[in-house]
Amino acid sequence: MIKHNLLAAAVLSSITFSTCAMAEDKSDWPSPMMEMSAWQVMLDRLELSRNTDKENVFTWDATAWYGGDYHRVVLRTEGENQQNDGHPTDLERTDISYSYMISSFWSLQAGLGLKGEMSSGENAEHYAVFSLSGLAPYYFETDSSLLINEDGDVQWLNEFEYDFLLTQTSYLQPRFTVNTNLTDSERFGREAGVESVRFGLRYRQEVVREFAPYFGIYWQKQLGQTANTTAANGEDTSEFGFIAGARIWF
């Protein structure tokens, strides 16, 4: 019996050694997969809103990127046009950045941009932008951007979104933005302090994954010295409205 046990142990040891040797032999392993470049265009907001003053505003918010997992080139543009008011389209931001992924859920961007009224070069504002974007704990989509223009004026823009999954194809999305002027800007009429906050709520239904119409509501409020200046001019410092639009990507 002892001989049989010793023989079995020897056979088992031999099999284990052979298996380990085979595991360590990587000469016939395939090469690791090389990083591949990809691209995406996301129209996160393409919408028409109507406020309580019966003003209709067309808004867009789009992002396009090209690159791999760690290194990307990102183009972002936001703007709005109030219908039939005689004023040109307002380009809130258009910038191109280099993006580097610093962790599984976060990336840093740095780049250059332009904003202002699209029909006038006099009001054009050039800026450098530094951004941190990603997925915060509990799946809050976060985008925080610092804009520094050619005069040294600084703005801090923050956006937060969260998708409540209602069904396999429908979502309820609260969205919160806060814009802060870290310095005064006489040239562009901005005063230091928290400029405005905006809260929106959208119900989105995917027809296909790449196309999802939505509708919702929003409320916007000016704060600080910006609100004081607006009120002194006899204008409202808050706004409420309804929105309808679509989220499209390809």
# chains A, B, ... in the order shown; residues from 1 in each chain; ligands from 1
$ residues_around --residues "Ser37 (chain A)" --least-positions-apart "3" --cutoff "7 Å" --atoms "only C-alpha atoms" --output "short mmCIF file (atom, residue, chain, number, x, y, z; two decimals) with N, CA and C atoms, in the first residue's frame"
data_model
loop_
_atom_site.label_atom_id
_atom_site.label_comp_id
_atom_site.auth_asym_id
_atom_site.auth_seq_id
_atom_site.Cartn_x
_atom_site.Cartn_y
_atom_site.Cartn_z
N TYR A 66 -11.60 61.07 -31.27
CA TYR A 66 -10.88 60.06 -32.05
C TYR A 66 -9.64 59.68 -31.26
N GLY A 67 -9.38 58.35 -31.19
CA GLY A 67 -8.18 57.88 -30.51
C GLY A 67 -8.37 56.51 -29.90
N GLY A 68 -7.52 56.20 -28.92
CA GLY A 68 -7.56 54.90 -28.27
C GLY A 68 -8.07 55.00 -26.85
#
$ select_by_dssp --residues "region 28-227 of chain A" --states "alpha helix (DSSP H)" --output "PyMOL selection string"
chain A and resi 224-227
$ write_last_selection --atoms "all heavy atoms" --output "compact mmCIF listing (two decimals), in the first residue's frame"
# COMPACT_ATOMS: atom_id res chain seq x y z
N GLY A 224 -25.81 86.02 -7.30
CA GLY A 224 -24.75 86.97 -7.01
C GLY A 224 -24.92 88.31 -7.70
O GLY A 224 -26.03 88.79 -7.94
N GLN A 225 -23.77 88.90 -8.02
CA GLN A 225 -23.77 90.22 -8.63
C GLN A 225 -24.40 90.21 -10.02
O GLN A 225 -24.98 91.20 -10.47
CB GLN A 225 -22.34 90.76 -8.70
CG GLN A 225 -22.24 92.24 -9.05
CD GLN A 225 -23.00 93.13 -8.08
OE1 GLN A 225 -22.94 92.91 -6.87
NE2 GLN A 225 -23.71 94.12 -8.60
N THR A 226 -24.31 89.07 -10.70
CA THR A 226 -24.95 88.94 -12.01
C THR A 226 -26.45 89.12 -11.89
O THR A 226 -27.08 89.83 -12.69
CB THR A 226 -24.63 87.57 -12.63
OG1 THR A 226 -23.22 87.42 -12.77
CG2 THR A 226 -25.28 87.44 -14.00
N ALA A 227 -27.05 88.50 -10.88
CA ALA A 227 -28.49 88.65 -10.66
C ALA A 227 -28.84 90.08 -10.29
O ALA A 227 -29.87 90.62 -10.73
CB ALA A 227 -28.94 87.69 -9.56
$ closest_atom_pairs --of "region 143-231 of chain A" --to "region 80-104 of chain A" --cutoff "12 Å" --atoms "only C-alpha atoms" --output "JSON lines"
{"residue": "A:Ser145", "atom": "CA", "partner": "A:Arg93", "partner_atom": "CA", "distance": 11.0}
{"residue": "A:Leu146", "atom": "CA", "partner": "A:Arg93", "partner_atom": "CA", "distance": 11.9}
{"residue": "A:Leu147", "atom": "CA", "partner": "A:Arg93", "partner_atom": "CA", "distance": 9.7}
{"residue": "A:Asn149", "atom": "CA", "partner": "A:Arg93", "partner_atom": "CA", "distance": 11.8}
{"residue": "A:Gln155", "atom": "CA", "partner": "A:Arg93", "partner_atom": "CA", "distance": 11.8}
{"residue": "A:Leu157", "atom": "CA", "partner": "A:Arg93", "partner_atom": "CA", "distance": 10.8}
{"residue": "A:Asn179", "atom": "CA", "partner": "A:Glu92", "partner_atom": "CA", "distance": 11.9}
$ atom_distance --atom1 "CA of Gln173 (chain A)" --atom2 "CA of Trp156 (chain A)"
23.0 Å
$ residues_around --residues "Ala244 (chain A)" --least-positions-apart "3" --cutoff "6 Å" --atoms "only C-alpha atoms" --output "number ranges by chain"
A: 47-48, 214-215
$ closest_residue --among "A:Ser196, A:Phe160, A:Glu239, A:Tyr70" --to "Glu35 (chain A)" --atoms "only C-alpha atoms"
A:Tyr70
